[in-house]
Number of protein chains: 2
Amino acid sequence: MGLRERKKEETRIALSWAAIKLTVERGFDNVKVEDIAAEAGVSHRTFNNYFSSKGEAIAARHFDRAVQIADELRSRPDGEPLWEAIANAVFARFALGMQEAERPADGRWIAGVKLMSQHPEHRGEFLKAHTAAQDALAAAVAERTGTNADRDLYPHLVAGTVGAAILAAIHLWLHGDAPAPFEELLRDALGQVAAGLPTP
Amino acid sequence: MGLRERKKEETRIALSWAAIKLTVERGFDNVKVEDIAAEAGVSHRTFNNYFSSKGEAIAARHFDRAVQIADELRSRPDGEPLWEAIANAVFARFALGMQEAERPADGRWIAGVKLMSQHPEHRGEFLKAHTAAQDALAAAVAERTGTNADRDLYPHLVAGTVGAAILAAIHLWLHGDAPAPFEELLRDALGQVAAGLPTP
DNA sequence: CGCATATTTGCGTGGCTCGCAAATTTGTGT
DNA sequence: ACACAAATTTGCGAGCCACGCAAATATGCG
């Protein structure tokens with residue numbers, strides 16, 4: 001990767017991060033594209049060369065992280081049972097990134113994230129990123145199971161189910177009554193869907 | 001429901017339908033809000049009293065239909081096993097609406113729908129509608145299984161899994177290699193997730 | 001029939017996305 | 001080291017969109 005591409009990637013991340021930071025701090029509607037561009041040290045117009053909306057910039061980090069789950073799955077040993085490999089892939093990339101990238105227990109930050117996550121435009125972009133990543137996961141599942149993502153339901157069902165587990169964990173973590181550690185929720189959710197959701 | 005509310009509902013549906021029709025015919029970016037309002041016989045400004053974007057207007061029909069699945073589930077007999085009740089609820093509202101509301105085998109129409117379904121803004125709104133309806137389904141599942149949607153993962157996992165099945169069926173139907181009747185895909189998808197997705 | 005309440009509408013404001021072309025930066029071959 | 005081709009950034013402008021506000025209009029109840 002040449003200097004050119006590296007710098008592009010840096011700019012992309014700087015923009016996305018700036019978008020997240022400002023939005024969490026001030027609220028989605030109080031951040032102008034201009035502000036994000038300024039924070040990242042580029043022009044307003046350049047922002048739109050990288051992202052076609054504020055929401056997309058915010059969701060880009062989620063997207064990048066989620067796509068890596070598929071990559072991780074591909075690199076799991078062949079002998080590993082499917083659902084085990086998936087759980088390991090999810091944890092390797094997802095739960096890890098959760099700890100490293102985000103502020104720990106800053107109440108103000110978490111409150112901001114909650115607000116952001118409820119904003120309509122963000123929700124739409126977040127879900128788009130989520131399902132796009134899910135498609136990548138379906139392709140990886142197809143590879144691993146010898147099915148065909150263009151013809152069979154199976155890989156999409158697996159990927160969709162895993163995605164649903166992740167979303168459920170996030171949802172309960174952010175909005176649930178009884179707060180539990182995210183990792184525990186995620187492990188629980190993946191365990192339940194892997195076991196086939198028997199009636200409780 | 002008084003005349004007032006009935007008329008509001010009619011306007012809402014007329015707007016949503018006009019948005020779909022024009023978008024399918026001309027493509028998302030070649031339809032102005034003005035056009036939709038004109039087609040429905042109201043002012044541009046009134047459109048925004050009902051919907052806050054073109055995409056939302058289009059997705060409104062999906063949303064209304066999807067929410068009814070939850071209602072339908074509530075009205076299934078108590079003795080019916082959960083997954084059976086869900087499958088019946090989905091079919092009662094979803095597959096039915098598929099036949100009645102949409103043009104049958106008009107190739108031009110279907111091509112337009114495919115294009116529309118790929119447009120970023122539509123995708124976001126569609127997914128928002130889908131997950132909103134999914135939340136309603138989770139609530140209904142919680143009711144039926146004696147779990148709590150604010151504390152337990154279970155109802156969200158079930159609803160999410162059902163949602164994933166529906167999306168996978170739609171996806172393969174619209175974009176898959178080997179076209180199969182939608183109803184068959186849907187039945188197959190629901191059957192697989194209900195059975196717990198064993199490795200094939 | 002008249003009045004309180006909802007709804008529609010027009011207008012104005014600020015913001016956003018994107019096409020285009022000029023300016024700047026970067027990689028490469030000599 | 002240097003010059004040139006290719007990629008990237010930037011400024012500008014056009015067109016569209018969402019929404020606040022207040023005036024006009026429609027509705028339904030007593």
# chains A, B, ... in the order shown; residues from 1 in each chain; ligands from 1
call {"tool": "interface_residues", "arguments": {"of": "chain B", "to": "chain C", "cutoff": "12 Å", "atoms": "only C-alpha atoms (C1' of nucleotides)", "output": "PDB file with N, CA and C atoms, in the first residue's frame"}}
result
ATOM      1  N   LEU B   3     -64.297  10.931  10.259  1.00  0.00           N
ATOM      2  CA  LEU B   3     -63.969  11.277   8.881  1.00  0.00           C
ATOM      3  C   LEU B   3     -62.549  11.835   8.804  1.00  0.00           C
ATOM      4  N   ARG B   4     -62.232  12.637   9.817  1.00  0.00           N
ATOM      5  CA  ARG B   4     -60.913  13.272   9.850  1.00  0.00           C
ATOM      6  C   ARG B   4     -59.796  12.246   9.746  1.00  0.00           C
ATOM      7  N   GLU B   5     -59.838  11.281  10.649  1.00  0.00           N
ATOM      8  CA  GLU B   5     -58.753  10.297  10.688  1.00  0.00           C
ATOM      9  C   GLU B   5     -58.753   9.407   9.459  1.00  0.00           C
ATOM     10  N   LYS B   7     -59.632  10.249   6.516  1.00  0.00           N
ATOM     11  CA  LYS B   7     -59.052  10.998   5.404  1.00  0.00           C
ATOM     12  C   LYS B   7     -57.537  11.107   5.539  1.00  0.00           C
ATOM     13  N   LYS B   8     -57.070  11.256   6.756  1.00  0.00           N
ATOM     14  CA  LYS B   8     -55.622  11.301   6.949  1.00  0.00           C
ATOM     15  C   LYS B   8     -54.983   9.996   6.487  1.00  0.00           C
ATOM     16  N   THR B  11     -54.849   9.810   2.785  1.00  0.00           N
ATOM     17  CA  THR B  11     -53.787  10.650   2.227  1.00  0.00           C
ATOM     18  C   THR B  11     -52.434   9.987   2.398  1.00  0.00           C
ATOM     19  N   GLY B  41     -52.311  14.622  -5.085  1.00  0.00           N
ATOM     20  CA  GLY B  41     -53.247  15.729  -5.006  1.00  0.00           C
ATOM     21  C   GLY B  41     -53.134  16.598  -3.765  1.00  0.00           C
ATOM     22  N   VAL B  42     -51.941  16.699  -3.218  1.00  0.00           N
ATOM     23  CA  VAL B  42     -51.726  17.604  -2.089  1.00  0.00           C
ATOM     24  C   VAL B  42     -50.497  18.473  -2.379  1.00  0.00           C
ATOM     25  N   SER B  43     -50.209  19.362  -1.479  1.00  0.00           N
ATOM     26  CA  SER B  43     -49.074  20.251  -1.702  1.00  0.00           C
ATOM     27  C   SER B  43     -47.778  19.600  -1.240  1.00  0.00           C
ATOM     28  N   HIS B  44     -46.708  20.097  -1.801  1.00  0.00           N
ATOM     29  CA  HIS B  44     -45.379  19.668  -1.443  1.00  0.00           C
ATOM     30  C   HIS B  44     -45.208  19.695   0.081  1.00  0.00           C
ATOM     31  N   ARG B  45     -45.660  20.790   0.665  1.00  0.00           N
ATOM     32  CA  ARG B  45     -45.483  20.943   2.099  1.00  0.00           C
ATOM     33  C   ARG B  45     -46.244  19.885   2.900  1.00  0.00           C
ATOM     34  N   THR B  46     -47.386  19.503   2.401  1.00  0.00           N
ATOM     35  CA  THR B  46     -48.182  18.499   3.110  1.00  0.00           C
ATOM     36  C   THR B  46     -47.491  17.138   3.100  1.00  0.00           C
ATOM     37  N   PHE B  47     -46.813  16.862   2.006  1.00  0.00           N
ATOM     38  CA  PHE B  47     -46.050  15.616   1.957  1.00  0.00           C
ATOM     39  C   PHE B  47     -45.163  15.492   3.185  1.00  0.00           C
ATOM     40  N   ASN B  48     -44.477  16.602   3.497  1.00  0.00           N
ATOM     41  CA  ASN B  48     -43.560  16.568   4.636  1.00  0.00           C
ATOM     42  C   ASN B  48     -44.262  16.600   5.987  1.00  0.00           C
ATOM     43  N   ASN B  49     -45.547  16.837   5.983  1.00  0.00           N
ATOM     44  CA  ASN B  49     -46.287  16.668   7.237  1.00  0.00           C
ATOM     45  C   ASN B  49     -46.502  15.182   7.520  1.00  0.00           C
ATOM     46  N   TYR B  50     -46.508  14.381   6.494  1.00  0.00           N
ATOM     47  CA  TYR B  50     -46.758  12.952   6.655  1.00  0.00           C
ATOM     48  C   TYR B  50     -45.460  12.152   6.719  1.00  0.00           C
TER      49      TYR B  50
END
call {"tool": "select_by_dssp", "arguments": {"residues": "chain B", "states": "helix (DSSP H, G or I)", "output": "PyMOL selection string"}}
result
chain B and resi 3-26+28-30+33-40+44-50+54-74+82-101+107-118+120-145+154-175+182-195
call {"tool": "interface_residues", "arguments": {"of": "chain D", "to": "chain A", "cutoff": "12 Å", "atoms": "only C-alpha atoms (C1' of nucleotides)", "output": "PyMOL selection string"}}
result
chain D and resi 6-12
call {"tool": "write_last_selection", "arguments": {"atoms": "N, CA and C atoms (P, O5', C5', C4', C3', O3' and C1' of nucleotides)", "output": "compact mmCIF listing (two decimals), in the first residue's frame"}}
result
# COMPACT_ATOMS: atom_id res chain seq x y z
P DA D 6 -1.41 9.45 -17.57
O5' DA D 6 -1.82 9.21 -16.05
C5' DA D 6 -0.98 8.43 -15.20
C4' DA D 6 -1.45 8.58 -13.77
C3' DA D 6 -2.98 8.64 -13.62
O3' DA D 6 -3.35 7.86 -12.49
C1' DA D 6 -2.04 10.54 -12.61
P DA D 7 -4.88 7.54 -12.21
O5' DA D 7 -5.03 8.00 -10.69
C5' DA D 7 -3.98 7.74 -9.78
C4' DA D 7 -4.07 8.71 -8.61
C3' DA D 7 -5.47 8.85 -8.01
O3' DA D 7 -5.35 8.73 -6.61
C1' DA D 7 -4.58 10.99 -8.51
P DT D 8 -6.65 8.61 -5.70
O5' DT D 8 -6.69 10.06 -5.04
C5' DT D 8 -5.53 10.54 -4.38
C4' DT D 8 -5.73 12.00 -4.01
C3' DT D 8 -7.08 12.31 -3.35
O3' DT D 8 -6.82 12.82 -2.06
C1' DT D 8 -6.54 13.91 -5.01
P DT D 9 -8.00 13.30 -1.11
O5' DT D 9 -7.96 14.88 -1.30
C5' DT D 9 -6.75 15.58 -1.02
C4' DT D 9 -6.93 17.05 -1.37
C3' DT D 9 -8.10 17.74 -0.67
O3' DT D 9 -7.60 18.90 -0.03
C1' DT D 9 -8.19 18.12 -3.00
P DT D 10 -8.53 19.67 1.02
O5' DT D 10 -9.13 20.82 0.11
C5' DT D 10 -8.24 21.66 -0.62
C4' DT D 10 -9.01 22.52 -1.61
C3' DT D 10 -10.29 23.17 -1.05
O3' DT D 10 -10.10 24.57 -0.98
C1' DT D 10 -10.60 22.30 -3.26
P DG D 11 -11.07 25.49 -0.15
O5' DG D 11 -11.84 26.24 -1.34
C5' DG D 11 -11.09 26.75 -2.44
C4' DG D 11 -12.02 27.26 -3.54
C3' DG D 11 -13.29 27.96 -3.06
O3' DG D 11 -13.49 29.10 -3.89
C1' DG D 11 -13.87 26.14 -4.44
P DC D 12 -14.62 30.14 -3.64
O5' DC D 12 -15.69 29.74 -4.74
C5' DC D 12 -15.26 29.53 -6.09
C4' DC D 12 -16.45 29.06 -6.92
C3' DC D 12 -17.80 29.64 -6.49
O3' DC D 12 -18.44 30.20 -7.61
C1' DC D 12 -17.92 27.28 -6.69
call {"tool": "interface_residues", "arguments": {"of": "chain A", "to": "chain B", "cutoff": "7 Å", "atoms": "only C-alpha atoms", "output": "MDAnalysis selection string"}}
result
chainID A and resid 123:125 127:128 150:151 153 156:157 160:161 164:165 168 176:178 189 195:197
call {"tool": "residues_around", "arguments": {"residues": "B:Trp17", "least_positions_apart": "2", "cutoff": "10 Å", "atoms": "only C-alpha atoms (C1' of nucleotides)", "output": "count of residues only"}}
result
18
call {"tool": "atom_distance", "arguments": {"atom1": "atom CA of B:Ala70", "atom2": "atom CA of B:Ala140"}}
result
5.8 Å
call {"tool": "atom_distance", "arguments": {"atom1": "atom CA of B:Phe182", "atom2": "atom CA of B:Phe94"}}
result
10.7 Å
call {"tool": "closest_residue", "arguments": {"among": "A:Leu73, A:Ile170, A:Ala38, A:Ile110", "to": "A:Ala142", "atoms": "only C-alpha atoms"}}
result
A:Leu73
call {"tool": "closest_atom_pairs", "arguments": {"of": "stretch 10-102 of chain B", "to": "stretch 16-30 of chain D", "cutoff": "9 Å", "atoms": "only C-alpha atoms (C1' of nucleotides)", "output": "JSON lines"}}
result
{"residue": "B:Lys32", "atom": "CA", "partner": "D:DC16", "partner_atom": "C1'", "distance": 8.1}
{"residue": "B:Val33", "atom": "CA", "partner": "D:DC17", "partner_atom": "C1'", "distance": 8.4}
{"residue": "B:Asn48", "atom": "CA", "partner": "D:DA18", "partner_atom": "C1'", "distance": 7.5}
{"residue": "B:Ser52", "atom": "CA", "partner": "D:DA18", "partner_atom": "C1'", "distance": 6.9}
{"residue": "B:Ser53", "atom": "CA", "partner": "D:DA18", "partner_atom": "C1'", "distance": 7.9}
call {"tool": "atom_distance", "arguments": {"atom1": "atom CA of A:Lys54", "atom2": "atom CA of B:Ala132"}}
result
22.0 Å
